[in-house]
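Peer 1: Below you'll find data.txt; it's compact mmCIF, C-alpha atoms and all ligand atoms.
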# COMPACT_ATOMS: atom_id res chain seq x y z
CA MET A 4 0.29 48.04 14.28
CA VAL A 5 -1.75 44.83 14.20
CA ARG A 6 0.00 41.75 12.88
CA SER A 7 -0.93 38.09 12.75
CA LYS A 8 1.08 35.44 14.54
CA ILE A 9 0.86 31.67 14.54
CA ALA A 10 -0.66 31.05 17.96
CA GLY A 11 -1.08 27.29 17.57
CA ILE A 12 -0.10 24.59 15.11
CA GLY A 13 -1.15 20.98 14.58
CA MET A 14 -0.82 18.14 12.13
CA TYR A 15 -2.40 14.81 11.40
CA VAL A 16 -1.17 11.96 9.23
CA PRO A 17 -2.96 8.63 8.78
CA SER A 18 -1.42 5.66 10.58
CA ASN A 19 -1.18 3.57 7.40
CA ILE A 20 2.46 3.72 6.18
CA VAL A 21 3.02 2.75 2.53
CA THR A 22 6.62 2.07 1.57
CA ASN A 23 8.09 2.35 -1.91
CA ASN A 24 8.38 -1.43 -2.02
CA GLU A 25 4.64 -1.79 -1.45
CA LEU A 26 3.99 0.35 -4.54
CA THR A 27 5.92 -2.17 -6.66
CA ARG A 28 2.94 -4.51 -6.17
CA TYR A 29 0.80 -2.24 -8.36
CA MET A 30 3.21 -0.65 -10.86
CA ASP A 31 6.57 -1.10 -12.49
CA THR A 32 8.79 0.94 -10.19
CA THR A 33 11.56 0.46 -7.63
CA ASP A 34 12.46 1.81 -4.22
CA GLU A 35 15.78 2.91 -5.72
CA TRP A 36 14.15 4.94 -8.55
CA ILE A 37 11.76 6.70 -6.20
CA GLN A 38 14.40 7.54 -3.59
CA GLU A 39 16.94 8.71 -6.15
CA ARG A 40 14.52 11.00 -8.05
CA THR A 41 12.36 12.28 -5.17
CA GLY A 42 13.95 11.41 -1.81
CA ILE A 43 10.71 9.70 -0.75
CA LYS A 44 10.97 6.47 1.29
CA GLU A 45 7.35 6.14 2.40
CA ARG A 46 4.07 8.03 2.58
CA ARG A 47 0.77 7.74 4.48
CA TYR A 48 -2.53 6.73 2.90
CA ALA A 49 -5.80 7.60 4.57
CA HIS A 50 -8.31 4.93 5.54
CA ARG A 51 -10.47 4.38 2.47
CA THR A 52 -13.83 5.20 4.09
CA GLN A 53 -13.14 6.46 7.60
CA GLU A 54 -10.84 9.35 6.73
CA THR A 55 -11.44 12.19 4.31
CA THR A 56 -9.57 15.37 3.50
CA THR A 57 -11.90 17.20 5.90
CA THR A 58 -11.67 14.72 8.77
CA MET A 59 -7.87 14.86 8.62
CA GLY A 60 -8.09 18.67 8.60
CA VAL A 61 -10.33 18.49 11.67
CA GLU A 62 -7.77 16.40 13.58
CA ALA A 63 -4.98 18.86 12.78
CA ALA A 64 -7.24 21.81 13.62
CA LYS A 65 -8.16 20.41 17.05
CA ILE A 66 -4.48 20.34 18.01
CA ALA A 67 -3.78 23.82 16.61
CA ILE A 68 -6.76 25.28 18.50
CA GLU A 69 -5.77 23.60 21.75
CA ARG A 70 -2.16 24.77 21.43
CA ALA A 71 -3.39 28.32 20.77
CA GLY A 72 -5.12 28.14 24.16
CA ILE A 73 -8.54 28.91 22.69
CA THR A 74 -11.68 26.92 21.85
CA VAL A 75 -13.56 26.37 18.59
CA ASN A 76 -15.96 29.11 19.70
CA ASP A 77 -13.12 31.63 19.42
CA ILE A 78 -12.49 30.90 15.72
CA ASP A 79 -14.02 33.64 13.61
CA PHE A 80 -13.05 32.51 10.10
CA ILE A 81 -11.92 29.35 8.31
CA VAL A 82 -9.60 29.15 5.30
CA PHE A 83 -9.21 25.62 3.90
CA ALA A 84 -6.66 24.81 1.20
CA THR A 85 -6.85 21.55 -0.76
CA LEU A 86 -6.84 20.10 -4.26
CA SER A 87 -8.52 16.88 -3.16
CA PRO A 88 -11.81 18.06 -1.62
CA ASP A 89 -14.40 15.67 -0.19
CA TYR A 90 -16.93 17.03 -2.71
CA TYR A 91 -16.38 18.94 -5.94
CA PHE A 92 -18.61 21.43 -4.16
CA PRO A 93 -19.34 22.58 -1.49
CA GLY A 94 -15.81 22.97 -0.18
CA CYS A 95 -14.09 21.40 2.80
CA GLY A 96 -14.35 24.64 4.82
CA VAL A 97 -18.06 24.19 5.49
CA LEU A 98 -17.65 20.47 6.19
CA LEU A 99 -15.02 21.34 8.79
CA GLN A 100 -17.30 24.02 10.29
CA ARG A 101 -20.03 21.39 10.64
CA ALA A 102 -17.76 18.63 11.94
CA MET A 103 -16.21 20.90 14.58
CA LYS A 104 -19.60 22.32 15.60
CA MET A 105 -18.34 25.84 15.10
CA LYS A 106 -20.40 28.99 15.12
CA GLN A 107 -21.71 30.09 11.72
CA VAL A 108 -18.46 31.81 10.81
CA GLY A 109 -17.26 32.37 7.24
CA ALA A 110 -15.50 29.53 5.46
CA LEU A 111 -13.35 30.03 2.38
CA ASP A 112 -11.74 27.33 0.26
CA VAL A 113 -8.46 28.02 -1.50
CA ARG A 114 -7.63 26.03 -4.65
CA ASN A 115 -3.99 26.77 -5.20
CA GLN A 116 -2.60 23.26 -5.04
CA CYS A 117 0.99 23.14 -3.71
CA SER A 118 1.05 26.82 -2.81
CA GLY A 119 -2.47 26.63 -1.33
CA PHE A 120 -1.43 26.82 2.29
CA VAL A 121 0.87 29.82 1.83
CA TYR A 122 -1.87 31.57 -0.16
CA ALA A 123 -4.35 30.71 2.61
CA VAL A 124 -2.03 32.17 5.25
CA SER A 125 -1.72 35.33 3.18
CA VAL A 126 -5.51 35.67 2.89
CA ALA A 127 -5.96 35.15 6.63
CA ASP A 128 -3.17 37.62 7.37
CA GLN A 129 -4.99 40.36 5.44
CA PHE A 130 -8.24 39.79 7.36
CA ILE A 131 -6.36 40.05 10.65
CA LYS A 132 -4.38 43.14 9.65
CA THR A 133 -7.56 45.00 8.71
CA GLY A 134 -8.99 44.15 12.14
CA MET A 135 -11.88 42.15 10.70
CA TYR A 136 -11.02 38.90 12.51
CA LYS A 137 -8.91 37.91 15.52
CA ASN A 138 -8.55 34.11 15.30
CA ILE A 139 -8.50 32.44 11.91
CA LEU A 140 -8.16 28.72 11.39
CA VAL A 141 -6.01 27.97 8.34
CA VAL A 142 -5.99 24.36 7.19
CA GLY A 143 -4.13 22.50 4.43
CA ALA A 144 -5.19 18.89 3.84
CA GLU A 145 -5.10 16.26 1.11
CA LYS A 146 -6.38 12.75 0.49
CA HIS A 147 -4.36 12.09 -2.65
CA SER A 148 -4.49 8.31 -2.34
CA PHE A 149 -8.10 8.32 -3.59
CA GLY A 150 -7.23 10.04 -6.84
CA LEU A 151 -4.02 8.51 -8.17
CA ASP A 152 -3.42 6.15 -11.08
CA PHE A 153 -1.73 3.16 -9.43
CA SER A 154 -1.00 1.43 -12.73
CA THR A 155 2.39 1.81 -14.44
CA ARG A 156 0.80 4.47 -16.68
CA GLY A 157 0.55 6.86 -13.70
CA ARG A 158 3.78 5.99 -11.90
CA ASN A 159 5.60 9.30 -12.53
CA VAL A 160 2.89 11.01 -10.44
CA SER A 161 1.48 8.43 -8.05
CA VAL A 162 4.76 7.57 -6.30
CA ILE A 163 5.20 11.19 -5.27
CA PHE A 164 2.00 11.98 -3.36
CA GLY A 165 0.80 11.21 0.16
CA ASP A 166 -2.07 12.07 2.50
CA GLY A 167 -2.17 14.28 5.58
CA ALA A 168 -3.20 17.59 7.10
CA GLY A 169 -1.77 20.58 8.91
CA ALA A 170 -3.42 23.56 10.54
CA VAL A 171 -2.55 26.81 12.25
CA VAL A 172 -4.48 29.38 14.25
CA LEU A 173 -3.51 32.83 13.04
CA GLN A 174 -4.14 35.35 15.78
CA SER A 175 -3.86 39.12 15.94
CA THR A 176 -1.02 40.56 17.98
CA ASN A 177 0.33 44.02 18.74
CA ASP A 178 3.78 42.63 19.51
CA GLU A 179 6.14 44.35 17.05
CA ASN A 180 8.70 41.58 17.33
CA ARG A 181 6.47 38.71 16.30
CA GLY A 182 4.22 37.60 13.50
CA ILE A 183 3.95 37.58 9.74
CA LEU A 184 6.19 40.25 8.24
CA SER A 185 5.03 39.91 4.65
CA THR A 186 3.56 37.51 2.11
CA HIS A 187 4.28 37.35 -1.62
CA LEU A 188 1.97 35.74 -4.16
CA HIS A 189 2.53 35.01 -7.86
CA SER A 190 1.04 33.16 -10.78
CA ASP A 191 1.72 32.50 -14.44
CA GLY A 192 -0.89 30.47 -16.26
CA THR A 193 1.15 30.07 -19.45
CA ASP A 194 1.89 26.46 -18.54
CA ALA A 195 -1.33 25.64 -16.69
CA GLU A 196 -1.61 22.25 -18.41
CA ILE A 197 1.88 21.05 -17.38
CA LEU A 198 0.59 19.87 -14.01
CA ALA A 199 -3.16 19.42 -14.04
CA MET A 200 -6.12 17.14 -13.56
CA PHE A 201 -8.27 17.84 -16.60
CA ASN A 202 -11.54 16.10 -15.82
CA PRO A 203 -14.17 16.26 -14.47
CA GLY A 204 -14.36 19.80 -15.82
CA THR A 205 -16.27 22.15 -18.05
CA HIS A 206 -13.55 22.97 -20.59
CA ALA A 207 -14.54 20.44 -23.31
CA ASN A 208 -10.95 20.68 -24.53
CA HIS A 209 -11.25 24.41 -25.16
CA TRP A 210 -7.65 24.93 -24.05
CA ARG A 211 -6.06 21.87 -25.54
CA GLU A 212 -5.28 20.29 -28.90
CA GLN A 213 -8.38 18.18 -29.43
CA SER A 214 -6.62 15.67 -31.63
CA ALA A 215 -4.21 14.86 -28.82
CA THR A 216 -6.95 14.11 -26.33
CA PHE A 217 -10.50 13.58 -27.62
CA ASN A 218 -12.21 13.76 -30.96
CA GLU A 219 -15.33 15.89 -31.24
CA ALA A 220 -17.67 12.94 -30.69
CA GLU A 221 -15.87 11.80 -27.55
CA ILE A 222 -15.97 15.18 -25.88
CA GLY A 223 -19.73 15.00 -25.55
CA ASP A 224 -21.72 17.47 -23.47
CA MET A 225 -20.89 16.01 -20.10
CA PHE A 226 -18.79 17.06 -17.20
CA MET A 227 -17.47 13.49 -17.02
CA SER A 228 -17.62 10.70 -19.62
CA HIS A 229 -16.47 7.10 -20.07
CA ALA A 230 -13.90 8.29 -22.61
CA MET A 231 -12.38 10.60 -20.00
CA VAL A 232 -11.99 7.72 -17.55
CA GLU A 233 -10.56 5.43 -20.24
CA LYS A 234 -7.94 8.09 -21.06
CA ALA A 235 -7.05 8.55 -17.37
CA GLU A 236 -8.17 12.19 -17.49
CA ASN A 237 -9.53 11.85 -13.97
CA PHE A 238 -5.98 11.50 -12.66
CA PRO A 239 -3.31 14.18 -12.23
CA ASN A 240 -1.09 14.66 -15.25
CA MET A 241 2.44 16.03 -14.95
CA ASP A 242 5.38 16.89 -17.16
CA GLY A 243 7.87 16.35 -14.33
CA PRO A 244 11.02 17.77 -15.96
CA SER A 245 9.19 21.02 -16.90
CA VAL A 246 7.86 21.42 -13.37
CA PHE A 247 11.36 20.86 -12.01
CA LYS A 248 12.93 23.51 -14.29
CA THR A 249 10.46 26.23 -13.31
CA ALA A 250 10.35 25.29 -9.62
CA VAL A 251 14.10 25.69 -9.13
CA VAL A 252 13.88 29.24 -10.51
CA LYS A 253 10.70 30.43 -8.79
CA PHE A 254 11.40 29.00 -5.32
CA PRO A 255 14.64 30.99 -4.79
CA GLU A 256 13.10 34.08 -6.43
CA VAL A 257 10.12 34.25 -4.10
CA ILE A 258 12.22 33.52 -1.00
CA MET A 259 14.65 36.29 -1.93
CA GLU A 260 11.69 38.61 -2.57
CA ALA A 261 10.42 38.04 0.98
CA LEU A 262 13.86 38.51 2.51
CA ALA A 263 14.59 41.67 0.49
CA ALA A 264 11.21 43.19 1.38
CA ASN A 265 12.23 43.01 5.05
CA ASN A 266 15.96 43.81 4.66
CA TYR A 267 17.16 40.32 5.45
CA GLN A 268 19.68 37.99 3.83
CA PRO A 269 19.46 34.19 3.48
CA ALA A 270 22.01 33.88 6.30
CA ASP A 271 19.51 35.54 8.67
CA LEU A 272 17.01 32.70 8.25
CA LYS A 273 16.62 30.35 11.17
CA LEU A 274 14.55 27.98 9.09
CA LEU A 275 13.22 27.67 5.57
CA ILE A 276 10.14 25.47 5.26
CA PRO A 277 9.83 24.71 1.56
CA HIS A 278 6.77 22.98 0.17
CA GLN A 279 7.80 19.32 0.15
CA ALA A 280 7.58 18.85 -3.62
CA ASN A 281 10.66 16.78 -4.15
CA LEU A 282 13.89 16.50 -2.14
CA ARG A 283 15.98 17.33 -5.20
CA ILE A 284 14.13 20.63 -5.65
CA ALA A 285 14.66 21.54 -1.97
CA GLN A 286 18.37 20.67 -2.20
CA PHE A 287 18.73 22.80 -5.32
CA VAL A 288 17.11 25.76 -3.56
CA GLN A 289 19.34 25.25 -0.51
CA GLN A 290 22.46 25.33 -2.68
CA LYS A 291 21.33 28.36 -4.65
CA LEU A 292 20.69 30.38 -1.47
CA LYS A 293 23.82 29.00 0.23
CA LEU A 294 21.83 27.78 3.22
CA ASN A 295 23.29 25.18 5.56
CA ASP A 296 21.53 21.90 6.42
CA GLU A 297 20.22 23.30 9.71
CA GLN A 298 18.43 26.11 7.89
CA VAL A 299 16.21 23.93 5.67
CA PHE A 300 13.58 21.52 6.94
CA ASN A 301 12.63 18.46 4.90
CA ASN A 302 10.34 15.57 5.81
CA ILE A 303 9.24 14.44 2.34
CA GLN A 304 11.16 11.21 3.04
CA LYS A 305 8.39 10.14 5.46
CA TYR A 306 5.27 11.64 3.95
CA GLY A 307 5.81 12.19 0.23
CA ASN A 308 4.34 15.32 -1.30
CA THR A 309 1.19 16.23 0.61
CA THR A 310 0.57 19.38 -1.47
CA ALA A 311 -1.50 21.92 0.53
CA ALA A 312 -0.66 20.04 3.73
CA SER A 313 3.10 19.83 3.24
CA VAL A 314 4.09 23.26 4.58
CA PRO A 315 2.01 23.11 7.79
CA ILE A 316 3.05 19.48 8.43
CA ALA A 317 6.72 20.40 8.01
CA LEU A 318 6.31 23.55 10.10
CA CYS A 319 4.59 21.57 12.85
CA GLU A 320 7.26 18.87 12.94
CA ALA A 321 10.04 21.47 12.96
CA TRP A 322 8.38 23.30 15.84
CA GLU A 323 7.75 20.08 17.77
CA ALA A 324 11.43 19.14 17.31
CA GLY A 325 12.44 22.45 18.92
CA LYS A 326 13.93 23.82 15.70
CA ILE A 327 11.89 27.04 15.91
CA LYS A 328 11.84 29.28 18.97
CA GLU A 329 10.11 32.57 19.69
CA GLY A 330 11.67 35.39 17.68
CA ASP A 331 13.23 33.13 15.02
CA LEU A 332 13.03 34.22 11.39
CA VAL A 333 11.13 31.58 9.39
CA CYS A 334 10.29 31.52 5.70
CA LEU A 335 7.48 29.44 4.20
CA ALA A 336 7.76 28.98 0.44
CA ALA A 337 5.81 27.02 -2.13
CA PHE A 338 5.53 26.40 -5.84
CA GLY A 339 3.08 24.28 -7.77
CA SER A 340 0.45 23.69 -10.40
CA GLY A 341 -0.81 26.76 -12.18
CA PHE A 342 1.94 27.72 -11.94
CA THR A 343 1.49 29.56 -8.67
CA TRP A 344 4.19 30.30 -6.14
CA ALA A 345 4.29 32.15 -2.85
CA SER A 346 6.26 32.92 0.29
CA ALA A 347 5.59 34.17 3.80
CA LEU A 348 8.27 35.58 6.09
CA LEU A 349 7.57 35.54 9.79
CA LYS A 350 9.07 36.03 13.20
CA TRP A 351 7.93 33.05 15.27
N1 LIG A 401 9.42 4.33 -11.45
C1 LIG A 401 10.27 3.95 -12.41
N2 LIG A 401 10.43 4.61 -13.55
C2 LIG A 401 9.70 5.72 -13.73
C3 LIG A 401 8.80 6.20 -12.76
C4 LIG A 401 8.67 5.44 -11.59
N3 LIG A 401 7.84 5.79 -10.60
N4 LIG A 401 8.24 7.32 -13.22
C5 LIG A 401 8.76 7.57 -14.42
N5 LIG A 401 9.64 6.60 -14.74
C6 LIG A 401 10.44 6.47 -15.95
C7 LIG A 401 9.81 7.15 -17.15
O1 LIG A 401 8.88 6.30 -17.75
C8 LIG A 401 11.02 7.38 -18.02
O2 LIG A 401 11.36 6.19 -18.66
P1 LIG A 401 11.94 6.21 -20.17
O3 LIG A 401 13.21 6.99 -20.08
O4 LIG A 401 12.13 4.76 -20.47
O5 LIG A 401 10.88 6.89 -20.99
C9 LIG A 401 12.12 7.67 -17.02
O6 LIG A 401 11.68 7.16 -15.76
C10 LIG A 401 12.42 9.16 -16.87
O7 LIG A 401 11.18 9.85 -16.79
P2 LIG A 401 11.10 11.36 -16.44
O8 LIG A 401 9.69 11.79 -16.30
O9 LIG A 401 11.99 12.11 -17.40
O10 LIG A 401 11.74 11.28 -15.03
P3 LIG A 401 12.59 12.31 -14.26
O11 LIG A 401 13.96 11.85 -14.15
O12 LIG A 401 12.34 13.68 -14.76
O13 LIG A 401 11.93 12.17 -12.84
C11 LIG A 401 10.31 13.34 -11.58
C12 LIG A 401 10.54 12.35 -12.68
C13 LIG A 401 10.79 12.77 -10.27
C14 LIG A 401 8.83 13.63 -11.49
C15 LIG A 401 11.10 14.60 -11.92
O14 LIG A 401 10.75 15.08 -13.19
C16 LIG A 401 10.92 15.68 -10.96
O15 LIG A 401 11.51 15.68 -9.93
N6 LIG A 401 10.06 16.67 -11.30
C17 LIG A 401 9.71 17.75 -10.44
C18 LIG A 401 8.25 17.75 -10.31
C19 LIG A 401 7.80 17.39 -8.97
O16 LIG A 401 8.51 17.22 -8.02
N7 LIG A 401 6.53 17.36 -8.86
C20 LIG A 401 5.95 17.12 -7.61
C21 LIG A 401 4.58 17.57 -7.62
S1 LIG A 401 4.39 19.17 -8.17
C22 LIG A 401 4.86 20.15 -6.99
O17 LIG A 401 4.73 19.85 -5.86
C23 LIG A 401 5.48 21.39 -7.40
Show me the file's structure as structure tokens.

Peer 2:
Amino acid sequence: MVRSKIAGIGMYVPSNIVTNNELTRYMDTTDEWIQERTGIKERRYAHRTQETTTTMGVEAAKIAIERAGITVNDIDFIVFATLSPDYYFPGCGVLLQRAMKMKQVGALDVRNQCSGFVYAVSVADQFIKTGMYKNILVVGAEKHSFGLDFSTRGRNVSVIFGDGAGAVVLQSTNDENRGILSTHLHSDGTDAEILAMFNPGTHANHWREQSATFNEAEIGDMFMSHAMVEKAENFPNMDGPSVFKTAVVKFPEVIMEALAANNYQPADLKLLIPHQANLRIAQFVQQKLKLNDEQVFNNIQKYGNTTAASVPIALCEAWEAGKIKEGDLVCLAAFGSGFTWASALLKW
């Protein structure tokens, strides 16, 4: 039976470290508030003009490809997950193909926000299992710092996010004792507006109470208008407490689903790599599943929430620190905007 295994992994974070105290220069917040509510101490911000979501993805990809012992010419498909693409379209996948001078292989962009990387891994896994491709580059990258409201108005969101990228090479293997055992994907759009960036977009308030956002005249016929910018609609919007309540239910559910599908218990896990949404969410999940500290990896303290990049960055750091060895049972799990949530269980 053909399976896919992670043959190489890499990460890239910008060198520019931004502490919580630095954010107090722009907005009314404190290091204490941010650490207490999110666990975050600092995050990285990309260079304004020299680094993009794609260029960070390229840096992570180079390392993953080298560690897989292959070259860019061996990659036969690209899956790129991000919510902060260089262009609205085309996607980052083709920009990465160009930047890495790859062959004219397929490139697919995944727009599933915080669960984007786990979704992307699942997509790549299916292509490998069917025998269509042998080496797939899966990238998660974000340049959030370009799209946050740094005034006090946006502080509940902007303090949380950071920039970075992670990448893996998924490769086919016939080894029964290694690779991705299963992936589990879910969505529920009931609360799509709880965590969203509304504009630019084509909805013209179709889904929302117009009185609460724009009157008929303000909506206009445009993808983007001055009124939208004035109302901060070009920044992410989040009802934090509602996200928290759903996340702490769906994270454990989807992890248990992956374990049950393969006849494992939480105690069997060597390492859980949760999407680094918020340290309090990860701690809640740890408690619920009765996992010990060694079984859960967190690095949100250093990088903030890097959305599609958070799982591969955490996985890469855990692997580099020697916390994952061949044969170990590892679970990747994510939850985010949409809502969408997902898990992948694998034997390293
Ligand atoms: N600094 C200081 N005060 C702040 C800040 C800030 N950065 N942000 C909000 N506040 C204030 C609010 O204005 C509010 O003040 P008020 O009581 O005077 O009105 C007060 O803090 C409480 O606001 P809440 O939004 O209720 O804050 P909460 O305690 O819920 O914490 C947080 C906010 C951290 C976002 C929390 O809701 C949470 O952890 N949510 C989970 C969502 C999450 O982690 N999202 C990450 C991205 S999505 C994802 O990855 C799944």

Peer 1: Can you list, as a list in words, every protein, DNA or RNA residue that comes within 10 Å of Val252 (chain A) when you count all atoms listed in the file, leaving out same-chain residues fewer than 4 positions away?

Peer 2: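 Neighbouring residues, sequence-local ones excluded: Phe247, Lys248, Glu256, Val257, Ile284, Phe287, Val288, Lys291 and Phe338 of chain A.
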
Peer 1: With C-alpha atoms retained, could you export that selection as a compact mmCIF listing (two decimals), in the frame of the given file?

Peer 2:
# COMPACT_ATOMS: atom_id res chain seq x y z
CA PHE A 247 11.36 20.86 -12.01
CA LYS A 248 12.93 23.51 -14.29
CA GLU A 256 13.10 34.08 -6.43
CA VAL A 257 10.12 34.25 -4.10
CA ILE A 284 14.13 20.63 -5.65
CA PHE A 287 18.73 22.80 -5.32
CA VAL A 288 17.11 25.76 -3.56
CA LYS A 291 21.33 28.36 -4.65
CA PHE A 338 5.53 26.40 -5.84

Peer 1: Taking all atoms listed in the file into account, name the residue in A:Val251, A:Leu275, A:Val16, A:Met200 that is nearest to Lys234 (chain A).

Peer 2: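 Looking at the shortest contact to Lys234 (chain A), the residue is A:Met200.
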
Peer 1: Kindly compile the residues surrounding ligand LIG 401 (chain A) within 6 Å, counting all atoms listed in the file, and format them as an MDAnalysis selection string.

Peer 2: chainID A and resid 32:33 36:37 40:41 117 158:159 162 243:244 246:247 280:281 338:339

Peer 1: Do you know which residues are at most 8 Å from region 310-313 of chain A counting only C-alpha atoms, after dropping those on the same chain fewer than 3 positions away, and could you put them as a list in words?

Peer 2: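 Near neighbours after the sequence-gap exclusion: Ala84, Thr85, Leu86, Asn115, Gln116, Cys117, Ser118, Gly119, Phe120, Val142, Gly143, Ala144, Glu145, Phe164, Gly167, Ala168, Gly169, His278, Gln279, Ala280, Ile316 and Ala317 of chain A.
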
Peer 1: To one decimal place, how far is CA of Leu274 (chain A) from CA of Leu335 (chain A) in Å?

Peer 2: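 Result for CA of Leu274 (chain A) versus CA of Leu335 (chain A): 8.7 Å, one decimal.
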
Peer 1: Kindly indicate which residue among A:Gln129, A:Lys106, A:Lys44, A:Arg211 lies nearest to Asn76 (chain A), using all atoms listed in the file for the distances.

Peer 2: A:Lys106

Peer 1: What is the distance between CA of Ala230 (chain A) and CA of His206 (chain A), in Å to one decimal?

Peer 2: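 These atoms are spaced 14.8 Å apart.
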
Peer 1: Between CA of Leu151 (chain A) and CA of Leu198 (chain A), what is the distance, to one decimal in Å?

Peer 2: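 These atoms are spaced 13.6 Å apart.
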
Peer 1: Counting only C-alpha atoms, which of A:Met103, A:Met225, A:Val160, A:Met135 gets nearest to Ser148 (chain A)?

Peer 2: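 Under the stated criterion, the closest residue is A:Val160.
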
Peer 1: Write out N, CA and C atoms for region 117-129 of chain A, as a PDB file, in the frame of the given file.

Peer 2:
ATOM      1  N   CYS A 117      -0.184  23.198  -4.601  1.00  0.00           N
ATOM      2  CA  CYS A 117       0.990  23.140  -3.710  1.00  0.00           C
ATOM      3  C   CYS A 117       1.235  24.453  -2.959  1.00  0.00           C
ATOM      4  N   SER A 118       0.850  25.565  -3.539  1.00  0.00           N
ATOM      5  CA  SER A 118       1.050  26.820  -2.810  1.00  0.00           C
ATOM      6  C   SER A 118      -0.217  27.226  -2.044  1.00  0.00           C
ATOM      7  N   GLY A 119      -1.191  26.325  -1.964  1.00  0.00           N
ATOM      8  CA  GLY A 119      -2.470  26.630  -1.330  1.00  0.00           C
ATOM      9  C   GLY A 119      -2.350  27.101   0.103  1.00  0.00           C
ATOM     10  N   PHE A 120      -1.506  26.435   0.886  1.00  0.00           N
ATOM     11  CA  PHE A 120      -1.430  26.820   2.290  1.00  0.00           C
ATOM     12  C   PHE A 120      -0.807  28.209   2.452  1.00  0.00           C
ATOM     13  N   VAL A 121       0.234  28.505   1.694  1.00  0.00           N
ATOM     14  CA  VAL A 121       0.870  29.820   1.830  1.00  0.00           C
ATOM     15  C   VAL A 121      -0.091  30.913   1.347  1.00  0.00           C
ATOM     16  N   TYR A 122      -0.825  30.637   0.272  1.00  0.00           N
ATOM     17  CA  TYR A 122      -1.870  31.570  -0.160  1.00  0.00           C
ATOM     18  C   TYR A 122      -2.915  31.753   0.947  1.00  0.00           C
ATOM     19  N   ALA A 123      -3.309  30.653   1.560  1.00  0.00           N
ATOM     20  CA  ALA A 123      -4.350  30.710   2.610  1.00  0.00           C
ATOM     21  C   ALA A 123      -3.862  31.542   3.801  1.00  0.00           C
ATOM     22  N   VAL A 124      -2.608  31.373   4.152  1.00  0.00           N
ATOM     23  CA  VAL A 124      -2.030  32.170   5.250  1.00  0.00           C
ATOM     24  C   VAL A 124      -2.049  33.650   4.871  1.00  0.00           C
ATOM     25  N   SER A 125      -1.736  33.935   3.619  1.00  0.00           N
ATOM     26  CA  SER A 125      -1.720  35.330   3.180  1.00  0.00           C
ATOM     27  C   SER A 125      -3.120  35.954   3.253  1.00  0.00           C
ATOM     28  N   VAL A 126      -4.126  35.183   2.825  1.00  0.00           N
ATOM     29  CA  VAL A 126      -5.510  35.670   2.890  1.00  0.00           C
ATOM     30  C   VAL A 126      -5.896  35.957   4.338  1.00  0.00           C
ATOM     31  N   ALA A 127      -5.607  34.998   5.211  1.00  0.00           N
ATOM     32  CA  ALA A 127      -5.960  35.150   6.630  1.00  0.00           C
ATOM     33  C   ALA A 127      -5.232  36.347   7.237  1.00  0.00           C
ATOM     34  N   ASP A 128      -3.985  36.514   6.858  1.00  0.00           N
ATOM     35  CA  ASP A 128      -3.170  37.620   7.370  1.00  0.00           C
ATOM     36  C   ASP A 128      -3.819  38.975   7.035  1.00  0.00           C
ATOM     37  N   GLN A 129      -4.373  39.080   5.827  1.00  0.00           N
ATOM     38  CA  GLN A 129      -4.990  40.360   5.440  1.00  0.00           C
ATOM     39  C   GLN A 129      -6.226  40.636   6.309  1.00  0.00           C
TER      40      GLN A 129
END
